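Source file: work.cif (mmCIF, C-alpha atoms and all ligand atoms)
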```cif
data_upload
loop_
_atom_site.label_atom_id
_atom_site.label_comp_id
_atom_site.auth_asym_id
_atom_site.auth_seq_id
_atom_site.Cartn_x
_atom_site.Cartn_y
_atom_site.Cartn_z
CA MET H 1 71.75 -32.44 15.73
CA ILE H 2 72.54 -28.72 15.35
CA ALA H 3 74.83 -29.60 12.48
CA THR H 4 71.93 -31.40 10.74
CA GLY H 5 69.66 -28.38 11.32
CA ILE H 6 72.23 -26.07 9.73
CA GLN H 7 72.72 -28.44 6.79
CA SER H 8 68.99 -28.72 6.30
CA TRP H 9 68.59 -24.90 6.39
CA PHE H 10 71.49 -24.47 3.97
CA TYR H 11 70.08 -27.00 1.52
CA LYS H 12 66.55 -25.63 1.64
CA HIS H 13 67.39 -21.93 1.44
CA ILE H 14 70.64 -21.80 -0.52
CA ALA H 15 71.55 -24.96 -2.46
CA LYS H 16 68.09 -26.14 -3.53
CA PRO H 17 66.90 -22.79 -4.96
CA ILE H 18 70.10 -22.64 -7.04
CA PHE H 19 69.82 -26.29 -8.17
CA PHE H 20 66.11 -26.04 -8.95
CA LYS H 21 66.70 -23.10 -11.34
CA GLN H 22 68.98 -25.24 -13.52
CA ASP H 23 68.46 -28.12 -15.91
CA PRO H 24 67.81 -31.23 -13.74
CA GLU H 25 70.04 -33.60 -15.70
CA LYS H 26 72.97 -31.13 -15.65
CA VAL H 27 72.58 -30.76 -11.88
CA HIS H 28 72.45 -34.54 -11.50
CA ASP H 29 75.68 -34.90 -13.53
CA ARG H 30 77.44 -32.18 -11.51
CA VAL H 31 76.40 -33.76 -8.21
CA LEU H 32 77.81 -37.08 -9.42
CA GLY H 33 81.07 -35.34 -10.38
CA VAL H 34 81.41 -33.65 -6.98
CA GLY H 35 80.45 -36.87 -5.19
CA LYS H 36 83.11 -38.79 -7.08
CA VAL H 37 85.79 -36.25 -6.14
CA LEU H 38 84.74 -36.18 -2.47
CA GLY H 39 84.70 -39.97 -2.37
CA GLY H 40 88.24 -40.09 -3.76
CA SER H 41 89.95 -38.55 -0.73
CA THR H 42 90.19 -39.92 2.79
CA LEU H 43 90.05 -36.40 4.20
CA SER H 44 86.87 -35.31 2.40
CA LYS H 45 85.23 -38.63 3.22
CA ALA H 46 86.08 -38.11 6.89
CA VAL H 47 84.65 -34.58 6.88
CA VAL H 48 81.41 -35.67 5.17
CA GLY H 49 81.16 -38.62 7.56
CA ALA H 50 81.69 -36.41 10.60
CA VAL H 51 78.82 -34.08 9.70
CA MET H 52 76.37 -36.50 8.10
CA ARG H 53 76.77 -40.11 9.16
CA TYR H 54 74.73 -41.57 12.01
CA LYS H 55 75.49 -45.02 13.44
CA ASN H 56 73.46 -46.98 15.97
CA PRO H 57 73.50 -50.75 16.63
CA ILE H 58 69.69 -50.69 16.96
CA LEU H 59 69.56 -50.17 13.16
CA VAL H 60 71.91 -53.00 12.20
CA GLN H 61 70.37 -56.09 10.56
CA GLU H 62 71.62 -59.23 8.91
CA ILE H 63 69.40 -60.16 5.97
CA ARG H 64 70.03 -63.25 3.85
CA GLY H 65 73.63 -63.26 5.09
CA VAL H 66 74.24 -59.57 4.30
CA ARG H 67 74.96 -57.09 7.09
CA PHE H 68 73.11 -53.78 6.66
CA PRO H 69 74.37 -51.03 9.03
CA ASN H 70 71.04 -49.22 8.62
CA PRO H 71 67.90 -49.76 6.52
CA VAL H 72 68.13 -46.67 4.28
CA GLY H 73 69.50 -47.32 0.79
CA LEU H 74 70.00 -45.19 -2.29
CA ALA H 75 67.46 -46.28 -4.92
CA ALA H 76 68.60 -47.42 -8.38
CA GLY H 77 68.97 -44.74 -11.04
CA PHE H 78 70.81 -42.06 -9.07
CA ASP H 79 74.23 -43.73 -9.32
CA LYS H 80 73.78 -45.51 -12.63
CA ASN H 81 77.49 -46.06 -13.31
CA ALA H 82 78.56 -46.77 -9.72
CA GLU H 83 80.53 -43.56 -9.23
CA LEU H 84 79.43 -42.85 -5.65
CA THR H 85 80.22 -46.14 -3.94
CA GLU H 86 83.06 -44.54 -1.93
CA LEU H 87 81.15 -41.52 -0.65
CA LEU H 88 77.70 -42.89 0.13
CA PRO H 89 78.65 -44.67 3.39
CA ASP H 90 79.88 -41.30 4.69
CA VAL H 91 76.64 -39.60 3.63
CA GLY H 92 75.01 -42.16 5.93
CA PHE H 93 73.44 -44.69 3.57
CA GLY H 94 73.14 -48.27 4.80
CA PHE H 95 73.38 -49.66 1.25
CA GLU H 96 73.05 -48.58 -2.35
CA GLU H 97 71.67 -50.01 -5.56
CA ILE H 98 73.85 -49.22 -8.58
CA GLY H 99 72.46 -49.10 -12.12
CA SER H 100 70.25 -50.13 -13.64
CA ILE H 101 73.00 -51.77 -15.64
CA THR H 102 72.27 -53.37 -19.00
CA GLY H 103 73.98 -55.94 -21.22
CA GLU H 104 75.25 -53.26 -23.61
CA TYR H 105 76.23 -49.59 -23.32
CA CYS H 106 73.04 -47.56 -23.52
CA GLU H 107 72.81 -43.86 -24.31
CA GLY H 108 69.26 -43.61 -23.03
CA ASN H 109 66.35 -41.66 -24.52
CA PRO H 110 66.72 -38.28 -26.25
CA LYS H 111 66.94 -35.19 -24.00
CA PRO H 112 65.17 -33.61 -22.20
CA ARG H 113 64.52 -36.65 -20.03
CA LEU H 114 64.29 -35.40 -16.45
CA TRP H 115 61.81 -32.86 -15.08
CA ARG H 116 60.84 -31.59 -11.62
CA HIS H 117 57.26 -31.44 -10.36
CA PRO H 118 57.65 -29.62 -7.02
CA GLU H 119 53.89 -29.32 -6.59
CA LEU H 120 53.76 -33.15 -6.47
CA GLN H 121 57.11 -33.60 -4.69
CA SER H 122 58.01 -35.78 -7.65
CA LEU H 123 60.42 -36.03 -10.54
CA ARG H 124 59.48 -37.19 -14.01
CA VAL H 125 62.10 -39.53 -15.37
CA TYR H 126 62.62 -40.53 -18.99
CA TYR H 127 66.30 -41.49 -18.90
CA GLY H 128 65.62 -44.81 -20.61
CA LEU H 129 68.31 -46.79 -18.80
CA LYS H 130 71.30 -44.62 -19.69
CA ASN H 131 74.42 -46.46 -18.45
CA ASP H 132 77.92 -47.53 -19.49
CA GLY H 133 76.95 -51.20 -19.86
CA CYS H 134 77.82 -54.26 -17.79
CA GLU H 135 81.33 -54.83 -19.17
CA ALA H 136 82.70 -51.34 -18.48
CA ILE H 137 81.06 -50.98 -15.05
CA SER H 138 81.97 -54.47 -13.79
CA ALA H 139 85.58 -53.95 -14.98
CA ARG H 140 85.79 -50.76 -12.89
CA LEU H 141 84.39 -52.45 -9.78
CA LYS H 142 86.23 -55.76 -10.04
CA ASP H 143 88.16 -56.71 -6.87
CA ARG H 144 86.97 -53.60 -5.03
CA GLU H 145 85.77 -53.87 -1.45
CA PHE H 146 82.79 -51.85 -0.33
CA GLU H 147 81.99 -50.43 3.07
CA ILE H 148 78.22 -50.91 2.69
CA PRO H 149 76.27 -53.55 0.75
CA ILE H 150 76.05 -52.81 -2.96
CA GLY H 151 73.05 -54.08 -4.88
CA VAL H 152 73.42 -54.48 -8.62
CA SER H 153 70.28 -53.50 -10.53
CA VAL H 154 70.14 -55.37 -13.81
CA ALA H 155 67.88 -54.44 -16.73
CA LYS H 156 67.77 -55.12 -20.45
CA THR H 157 69.40 -52.74 -22.93
CA ASN H 158 66.93 -50.16 -24.15
CA CYS H 159 66.98 -50.77 -27.91
CA ALA H 160 64.89 -52.39 -30.64
CA ALA H 161 67.15 -55.48 -30.64
CA THR H 162 66.00 -56.54 -27.15
CA VAL H 163 62.28 -56.33 -27.82
CA GLU H 164 62.21 -60.02 -28.81
CA THR H 165 61.94 -62.16 -25.65
CA GLY H 166 64.97 -64.41 -26.30
CA ALA H 167 67.23 -61.44 -27.00
CA ALA H 168 65.92 -59.61 -23.93
CA ILE H 169 66.63 -62.61 -21.69
CA SER H 170 70.15 -62.99 -23.10
CA ASP H 171 70.79 -59.32 -22.37
CA TYR H 172 69.65 -59.66 -18.73
CA VAL H 173 71.73 -62.82 -18.31
CA LYS H 174 74.82 -61.15 -19.76
CA ALA H 175 74.62 -58.28 -17.24
CA TYR H 176 73.79 -60.67 -14.38
CA ILE H 177 76.82 -62.87 -15.12
CA ALA H 178 79.16 -59.86 -15.41
CA PHE H 179 78.47 -59.04 -11.73
CA LYS H 180 78.71 -62.60 -10.45
CA ASP H 181 81.48 -61.69 -7.97
CA ILE H 182 80.61 -58.03 -7.39
CA GLY H 183 78.27 -56.61 -4.76
CA SER H 184 76.08 -58.13 -2.06
CA TYR H 185 72.79 -58.70 -3.91
CA ASP H 186 71.23 -58.35 -7.37
CA THR H 187 67.93 -56.76 -8.32
CA ILE H 188 66.27 -57.77 -11.56
CA ASN H 189 64.48 -54.67 -12.80
CA ILE H 190 61.42 -55.61 -14.85
CA SER H 191 59.65 -52.29 -14.31
CA CYS H 192 61.47 -49.56 -16.24
CA PRO H 193 58.64 -47.44 -17.67
CA ASN H 194 60.83 -45.85 -20.35
CA ALA H 195 62.26 -48.63 -22.49
CA HIS H 196 61.61 -50.05 -25.98
CA GLY H 197 58.88 -52.68 -25.85
CA GLY H 198 57.43 -51.59 -22.48
CA GLN H 199 57.56 -53.99 -19.52
CA PRO H 200 57.29 -57.44 -21.21
CA PHE H 201 58.31 -59.37 -18.09
CA THR H 202 55.21 -58.39 -16.16
CA ASP H 203 53.70 -61.19 -18.22
CA VAL H 204 54.11 -64.18 -15.92
CA ALA H 205 54.99 -66.71 -18.63
CA ARG H 206 57.81 -64.48 -19.89
CA LEU H 207 58.89 -63.69 -16.34
CA SER H 208 59.10 -67.36 -15.57
CA GLU H 209 61.30 -67.89 -18.66
CA LEU H 210 63.58 -65.04 -17.56
CA LEU H 211 63.93 -66.40 -14.04
CA VAL H 212 64.67 -69.92 -15.31
CA ALA H 213 67.48 -68.49 -17.47
CA LEU H 214 68.88 -66.45 -14.57
CA ASN H 215 68.63 -69.41 -12.20
CA GLU H 216 70.75 -71.48 -14.58
CA LYS H 217 73.53 -68.95 -13.92
CA ARG H 218 72.54 -68.31 -10.32
CA ASN H 219 75.29 -66.81 -8.13
CA ASP H 220 75.55 -66.89 -4.32
CA LYS H 221 74.00 -63.47 -3.79
CA PRO H 222 70.36 -62.91 -2.87
CA MET H 223 68.20 -62.07 -5.90
CA PHE H 224 65.51 -59.38 -5.68
CA LEU H 225 62.90 -58.39 -8.25
CA LYS H 226 61.82 -54.77 -8.77
CA LEU H 227 58.17 -54.19 -9.61
CA SER H 228 55.98 -51.46 -11.05
CA PRO H 229 53.62 -49.56 -8.75
CA ASP H 230 51.03 -49.67 -11.55
CA LEU H 231 50.33 -53.41 -11.35
CA ASP H 232 46.84 -54.35 -10.21
CA LEU H 233 46.72 -56.64 -7.19
CA GLU H 234 45.79 -59.70 -9.23
CA ARG H 235 48.89 -59.31 -11.43
CA LEU H 236 51.02 -58.48 -8.41
CA HIS H 237 49.88 -61.73 -6.81
CA GLU H 238 50.68 -63.74 -9.96
CA ILE H 239 54.13 -62.19 -10.27
CA ALA H 240 54.92 -62.76 -6.59
CA THR H 241 53.82 -66.39 -6.95
CA VAL H 242 56.17 -66.96 -9.90
CA ALA H 243 58.94 -65.15 -8.04
CA LYS H 244 58.46 -67.38 -5.01
CA GLU H 245 58.52 -70.54 -7.13
CA SER H 246 61.68 -69.25 -8.84
CA ARG H 247 63.60 -68.72 -5.57
CA VAL H 248 63.55 -64.92 -5.71
CA ASP H 249 64.61 -63.70 -2.25
CA GLY H 250 63.04 -60.28 -2.17
CA LEU H 251 60.76 -57.77 -3.87
CA VAL H 252 61.53 -54.09 -4.34
CA VAL H 253 58.27 -52.14 -4.39
CA SER H 254 58.21 -49.86 -6.28
CA ASN H 255 59.62 -48.27 -9.43
CA LEU H 256 58.29 -45.14 -11.18
CA THR H 257 54.58 -44.73 -11.97
CA LYS H 258 53.19 -44.18 -15.45
CA LYS H 259 49.84 -43.05 -14.04
CA HIS H 260 49.98 -39.37 -15.00
CA ASP H 261 49.10 -37.01 -17.86
CA PHE H 262 52.33 -35.03 -18.20
CA GLY H 263 53.78 -36.82 -21.22
CA ASP H 264 56.92 -38.97 -21.43
CA GLY H 265 58.45 -40.73 -18.45
CA GLY H 266 57.46 -42.08 -15.06
CA LEU H 267 56.86 -40.12 -11.86
CA SER H 268 58.85 -40.69 -8.67
CA GLY H 269 58.44 -39.35 -5.15
CA LYS H 270 55.10 -38.70 -3.48
CA SER H 271 53.26 -39.70 -6.69
CA VAL H 272 54.47 -43.28 -6.11
CA GLU H 273 53.90 -43.36 -2.36
CA PRO H 274 50.28 -44.59 -2.14
CA HIS H 275 50.88 -47.35 -4.70
CA ALA H 276 54.18 -48.43 -3.13
CA LEU H 277 52.61 -48.57 0.33
CA GLY H 278 49.55 -50.43 -0.96
CA HIS H 279 51.72 -53.06 -2.68
CA LEU H 280 53.89 -53.44 0.41
CA GLN H 281 50.85 -53.99 2.63
CA TYR H 282 49.38 -56.51 0.20
CA LEU H 283 52.62 -58.49 -0.15
CA ALA H 284 53.24 -58.43 3.60
CA LYS H 285 49.81 -59.96 4.21
CA GLU H 286 49.75 -62.45 1.34
CA PHE H 287 53.39 -63.52 1.26
CA LYS H 288 54.53 -63.22 4.86
CA ASN H 289 57.95 -64.90 5.32
CA ASP H 290 58.31 -65.61 1.58
CA PHE H 291 60.25 -62.48 0.68
CA VAL H 292 62.48 -59.76 2.00
CA LEU H 293 60.39 -56.67 1.26
CA ILE H 294 62.18 -53.48 0.24
CA SER H 295 59.94 -50.42 0.12
CA CYS H 296 60.70 -47.57 -2.28
CA GLY H 297 58.76 -44.55 -3.45
CA GLY H 298 58.10 -41.22 -1.75
CA ILE H 299 60.19 -41.73 1.38
CA PHE H 300 60.99 -38.24 2.65
CA SER H 301 61.32 -38.69 6.43
CA ALA H 302 61.88 -41.04 9.37
CA LYS H 303 58.10 -41.17 9.79
CA ASP H 304 57.71 -42.45 6.21
CA THR H 305 60.51 -44.97 6.80
CA TYR H 306 59.06 -46.28 10.04
CA GLU H 307 55.62 -46.64 8.46
CA ARG H 308 57.11 -48.87 5.74
CA ILE H 309 59.04 -50.92 8.31
CA LYS H 310 55.96 -51.46 10.45
CA ASN H 311 54.10 -52.52 7.31
CA GLY H 312 56.60 -55.28 6.58
CA ALA H 313 59.60 -53.69 4.88
CA SER H 314 63.01 -54.84 6.09
CA LEU H 315 64.75 -52.11 4.10
CA VAL H 316 63.80 -48.90 2.30
CA GLN H 317 65.27 -47.07 -0.65
CA LEU H 318 64.96 -43.43 -1.68
CA ALA H 319 66.18 -40.98 -4.30
CA THR H 320 63.65 -38.16 -4.70
CA GLY H 321 63.45 -37.43 -0.96
CA MET H 322 67.18 -36.68 -0.95
CA ILE H 323 66.84 -34.38 -3.97
CA PHE H 324 63.97 -32.41 -2.39
CA GLU H 325 65.23 -32.38 1.22
CA GLY H 326 69.05 -32.57 0.89
CA PRO H 327 71.69 -35.22 1.59
CA GLN H 328 71.60 -34.65 5.36
CA LEU H 329 68.19 -36.36 5.23
CA ILE H 330 69.80 -39.80 5.42
CA GLY H 331 71.49 -39.22 8.79
CA GLU H 332 68.37 -37.41 10.00
CA ILE H 333 66.14 -40.38 9.10
CA ASN H 334 68.45 -42.85 10.80
CA ARG H 335 68.74 -40.81 13.98
CA ASP H 336 64.98 -40.20 14.29
CA LEU H 337 64.20 -43.79 13.32
CA ALA H 338 66.48 -45.18 16.03
CA LYS H 339 64.60 -43.05 18.57
CA MET H 340 61.16 -44.17 17.31
CA ILE H 341 62.18 -47.83 17.50
CA LYS H 342 63.52 -47.39 21.02
CA ASP H 343 60.48 -45.39 22.17
CA ASP H 344 58.24 -48.24 20.97
CA GLY H 345 60.16 -50.64 23.21
CA PHE H 346 61.98 -52.59 20.49
CA SER H 347 65.63 -53.47 21.04
CA ASN H 348 66.43 -53.83 17.34
CA ILE H 349 64.86 -52.70 14.07
CA SER H 350 64.17 -56.32 13.09
CA ASP H 351 61.63 -56.56 15.96
CA ALA H 352 59.68 -53.61 14.50
CA ILE H 353 59.34 -55.10 11.01
CA GLY H 354 55.71 -55.84 10.26
CA ALA H 355 54.52 -54.60 13.68
CA ASP H 356 51.39 -53.09 12.07
CA VAL H 357 50.50 -56.08 9.88
CA TRP H 358 51.73 -59.23 11.57
CA ARG H 359 50.95 -58.56 15.22
C1 LIG E 1 66.53 -39.93 -11.90
C2 LIG E 1 65.97 -41.31 -11.64
C3 LIG E 1 66.44 -42.38 -12.37
C4 LIG E 1 65.95 -43.67 -12.11
N1 LIG E 1 66.46 -44.74 -12.78
C5 LIG E 1 66.13 -46.00 -12.38
C6 LIG E 1 66.81 -47.14 -12.89
O1 LIG E 1 67.70 -47.04 -13.72
N2 LIG E 1 66.44 -48.36 -12.43
C7 LIG E 1 65.46 -48.54 -11.47
O2 LIG E 1 65.19 -49.67 -11.06
N3 LIG E 1 64.82 -47.46 -10.97
C8 LIG E 1 65.13 -46.21 -11.39
N4 LIG E 1 64.50 -45.14 -10.84
C9 LIG E 1 63.40 -45.35 -9.87
C10 LIG E 1 63.88 -45.28 -8.44
O3 LIG E 1 64.83 -46.29 -8.17
C11 LIG E 1 62.70 -45.41 -7.46
O4 LIG E 1 62.11 -46.69 -7.65
C12 LIG E 1 61.64 -44.36 -7.66
O5 LIG E 1 62.22 -43.12 -7.99
C13 LIG E 1 60.80 -44.18 -6.38
O6 LIG E 1 61.62 -43.79 -5.31
P1 LIG E 1 61.78 -42.25 -4.85
O7 LIG E 1 60.40 -41.70 -4.71
O8 LIG E 1 62.51 -42.31 -3.55
O9 LIG E 1 62.59 -41.57 -5.90
C14 LIG E 1 64.95 -43.85 -11.11
C15 LIG E 1 64.47 -42.74 -10.40
C16 LIG E 1 64.97 -41.49 -10.64
C17 LIG E 1 64.43 -40.33 -9.83
#
```
Have the structure of the file written as structure tokens, please.
Amino acid sequence: MIATGIQSWFYKHIAKPIFFKQDPEKVHDRVLGVGKVLGGSTLSKAVVGAVMRYKNPILVQEIRGVRFPNPVGLAAGFDKNAELTELLPDVGFGFEEIGSITGEYCEGNPKPRLWRHPELQSLRVYYGLKNDGCEAISARLKDREFEIPIGVSVAKTNCAATVETGAAISDYVKAYIAFKDIGSYDTINISCPNAHGGQPFTDVARLSELLVALNEKRNDKPMFLKLSPDLDLERLHEIATVAKESRVDGLVVSNLTKKHDFGDGGLSGKSVEPHALGHLQYLAKEFKNDFVLISCGGIFSAKDTYERIKNGASLVQLATGMIFEGPQLIGEINRDLAKMIKDDGFSNISDAIGADVWR
């Protein structure tokens, strides 16, 4: 507890002011480098785990055959090339989503492509699916065992060649197949706001075609679909209906929002929060029991996390909250969340899911 307070003070008053004076992408790259080194040694992992990790059986859930030690996951896009898989369990995460990973190597959009908006507690992201590609990343992860569930976020390569629907589908399928035996679940990302050709698979006919093609190669892992927070409710309903008919197990709501006037990219953090919460509430009411709901967007605290859980989310994901509040946030959320669940008289987190919408 005291250790978390010190870490929080250190991040807020020392580390963050230094980080926030520098170029955001360079800081991101350095953090990945340090994280990779720390994750490479048993000793450093043990030290990080001792100060950050929080474990409590009240937070453990089994979802679609996957055991999640706690409900807080790292959102896709922070660890695009799966370099942090060793360290993140010690930071306290209950799972992580690697990627998004595309069929081919992808350099991403021209720089600059990441900006901070502290006044909005948001980042503006224009990476454009930078990643090493499915072949290189799956080769690195092959035969590795992971301490926490790893979700593989799959998207289509950001280039002119994948604008045509058939080529786009082949690209998704290529990446999906490459991870057949790697990780605990897959997320099909149809909501990147920064790629060539926009978000063509928010069109339900195209989405249906994509899901048919993926189902032909379906592996044993649960399949989730990640959606844009900018969809109106009618389109959200149509997409969820197609997803349900296509045996999609879960929906990740939400990705970055394009609803802003700052220029290129999509906003994360608190700018996504109202849309992500609105979509979660709608899906929980309209599609109860049809999907595992994973809430993402603007989660900065245990209070935010518990609100999503009580509105129907089984799991949450975050990225921006950790960047604004520090990595100790994960342990802090889990500790406070365990207390909130217990104080409300629940014996396990799964009993609290949907408490505000289904009871
Ligand atoms: C730097 C950055 C890169 C991202 N890249 C991806 C990505 O490759 N794939 C994806 O599905 N979402 C990506 N996202 C979106 C996040 O996964 C998440 O949906 C969004 O940021 C809202 O969560 P947050 O407010 O906790 O950051 C990215 C977000 C950030 C901040």
Return as an MDAnalysis selection string the residues of protein, DNA or RNA that approach ligand LIG 1 (chain E) to within 7 Å, with only C-alpha atoms and all ligand atoms taken into account. chainID H and resid 75:78 80 99:100 114 123 125 127 129 153 189 191:192 226 254:256 268:270 272 296:299 317:321
Using C-alpha atoms, can you write the selected residues to a file as a PDB file, in the frame of the given file?
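Output contents, as saved in selection_0.pdb:
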```pdb
ATOM      1  CA  ALA H  75      67.460 -46.280  -4.920  1.00  0.00           C
ATOM      2  CA  ALA H  76      68.600 -47.420  -8.380  1.00  0.00           C
ATOM      3  CA  GLY H  77      68.970 -44.740 -11.040  1.00  0.00           C
ATOM      4  CA  PHE H  78      70.810 -42.060  -9.070  1.00  0.00           C
ATOM      5  CA  LYS H  80      73.780 -45.510 -12.630  1.00  0.00           C
ATOM      6  CA  GLY H  99      72.460 -49.100 -12.120  1.00  0.00           C
ATOM      7  CA  SER H 100      70.250 -50.130 -13.640  1.00  0.00           C
ATOM      8  CA  LEU H 114      64.290 -35.400 -16.450  1.00  0.00           C
ATOM      9  CA  LEU H 123      60.420 -36.030 -10.540  1.00  0.00           C
ATOM     10  CA  VAL H 125      62.100 -39.530 -15.370  1.00  0.00           C
ATOM     11  CA  TYR H 127      66.300 -41.490 -18.900  1.00  0.00           C
ATOM     12  CA  LEU H 129      68.310 -46.790 -18.800  1.00  0.00           C
ATOM     13  CA  SER H 153      70.280 -53.500 -10.530  1.00  0.00           C
ATOM     14  CA  ASN H 189      64.480 -54.670 -12.800  1.00  0.00           C
ATOM     15  CA  SER H 191      59.650 -52.290 -14.310  1.00  0.00           C
ATOM     16  CA  CYS H 192      61.470 -49.560 -16.240  1.00  0.00           C
ATOM     17  CA  LYS H 226      61.820 -54.770  -8.770  1.00  0.00           C
ATOM     18  CA  SER H 254      58.210 -49.860  -6.280  1.00  0.00           C
ATOM     19  CA  ASN H 255      59.620 -48.270  -9.430  1.00  0.00           C
ATOM     20  CA  LEU H 256      58.290 -45.140 -11.180  1.00  0.00           C
ATOM     21  CA  SER H 268      58.850 -40.690  -8.670  1.00  0.00           C
ATOM     22  CA  GLY H 269      58.440 -39.350  -5.150  1.00  0.00           C
ATOM     23  CA  LYS H 270      55.100 -38.700  -3.480  1.00  0.00           C
ATOM     24  CA  VAL H 272      54.470 -43.280  -6.110  1.00  0.00           C
ATOM     25  CA  CYS H 296      60.700 -47.570  -2.280  1.00  0.00           C
ATOM     26  CA  GLY H 297      58.760 -44.550  -3.450  1.00  0.00           C
ATOM     27  CA  GLY H 298      58.100 -41.220  -1.750  1.00  0.00           C
ATOM     28  CA  ILE H 299      60.190 -41.730   1.380  1.00  0.00           C
ATOM     29  CA  GLN H 317      65.270 -47.070  -0.650  1.00  0.00           C
ATOM     30  CA  LEU H 318      64.960 -43.430  -1.680  1.00  0.00           C
ATOM     31  CA  ALA H 319      66.180 -40.980  -4.300  1.00  0.00           C
ATOM     32  CA  THR H 320      63.650 -38.160  -4.700  1.00  0.00           C
ATOM     33  CA  GLY H 321      63.450 -37.430  -0.960  1.00  0.00           C
TER      34      GLY H 321
END
```
Go through H:Pro89, H:Gly265, H:Pro222, H:Gly94 and flag the residue nearest Arg64 in chain H, using all atoms listed in the file for the distances.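 That would be H:Pro222, the residue with the smallest distance to Arg64 in chain H.
Nearest to Leu293 in chain H of all the residues H:Glu209, H:Asp249, H:Glu332, H:Asp186 is H:Asp249, counting only C-alpha atoms.
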Using all atoms listed in the file, determine which residues lie at most 10 Å from Glu135 in chain H, disregarding the query and same-chain residues fewer than 6 positions distant; provide the list as a ChimeraX atom specification. /H:101-105,174-175,178-179
When you count only C-alpha atoms, which of these residues is closest to Leu74 in chain H: H:Gly166, H:Pro24, H:Gly92, H:Pro193?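 Under the stated criterion, the closest residue is H:Gly92.
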Please report, as a Markdown table, each residue of range 262-323 of chain H lying at most 12 Å from range 233-238 of chain H, together with the nearest pair of atoms and the separation in Å rounded to one decimal; use only C-alpha atoms, and order rows by chain and ascending residue number.
```
| residue | atom | partner | partner_atom | distance |
| --- | --- | --- | --- | --- |
| H:His275 | CA | H:Leu233 | CA | 10.5 |
| H:Ala276 | CA | H:Leu236 | CA | 11.8 |
| H:Gly278 | CA | H:Leu233 | CA | 9.2 |
| H:His279 | CA | H:Leu233 | CA | 7.6 |
| H:Leu280 | CA | H:Leu236 | CA | 10.6 |
| H:Gln281 | CA | H:Leu233 | CA | 11.0 |
| H:Tyr282 | CA | H:Leu233 | CA | 7.9 |
| H:Leu283 | CA | H:His237 | CA | 7.9 |
| H:Ala284 | CA | H:His237 | CA | 11.4 |
| H:Lys285 | CA | H:His237 | CA | 11.2 |
| H:Glu286 | CA | H:His237 | CA | 8.2 |
| H:Phe287 | CA | H:His237 | CA | 9.0 |
```
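In this model, the gap between CA of Gly326 in chain H and CA of Tyr11 in chain H comes to 5.7 Å.
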Please provide as a list of chain:residue names all residues within 7 Å of range 202-204 of chain H, with the sequence filter that same-chain residues fewer than 4 positions apart are discarded (counting all atoms listed in the file).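 With the cut-off at 7 Å, the set is H:Ile190, H:Ser208, H:Glu238, H:Ile239, H:Val242.
Closest approach to Asn311 in chain H from the set H:Ile353, H:Leu329, H:Lys288, H:Ala50 is made by H:Ile353, with distances taken over only C-alpha atoms.
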Neighbouring residues of Gly128 in chain H were defined as those with any atom within 7 Å, considering all atoms listed in the file; residues of the same chain fewer than 5 positions away were excluded. Please report them as a PDB file with C-alpha atoms, in the coordinates of the input.
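Output saved as part_9.pdb:
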```pdb
ATOM      1  CA  GLY H 108      69.260 -43.610 -23.030  1.00  0.00           C
ATOM      2  CA  ASN H 109      66.350 -41.660 -24.520  1.00  0.00           C
ATOM      3  CA  ASN H 158      66.930 -50.160 -24.150  1.00  0.00           C
ATOM      4  CA  ASN H 194      60.830 -45.850 -20.350  1.00  0.00           C
ATOM      5  CA  ALA H 195      62.260 -48.630 -22.490  1.00  0.00           C
TER       6      ALA H 195
END
```
Nearest to Ile182 in chain H, chosen from H:Lys221, H:Arg206, H:His196, H:Lys342, with all atoms listed in the file counted in the distances: H:Lys221
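Closest to Leu38 in chain H among H:Leu231, H:Ile18, H:Val91, H:Lys156 is H:Val91, based on only C-alpha atoms.
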Work out how far CA of Cys106 in chain H is from CA of Ala161 in chain H, in Å to one decimal.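 Computing the Euclidean distance for CA of Ala161 in chain H and CA of Cys106 in chain H yields 12.2 Å.
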Expressed in Å to a single decimal, how great is the separation between CA of Asn348 in chain H and CA of Gly183 in chain H? 25.2 Å
For Arg308 in chain H, please output as a list in words all residues within 8 Å (counting all atoms listed in the file; exclusion window: fewer than 5 positions along the same chain). Leu277, Leu280, Ser295, Ala313 and Val316 of chain H
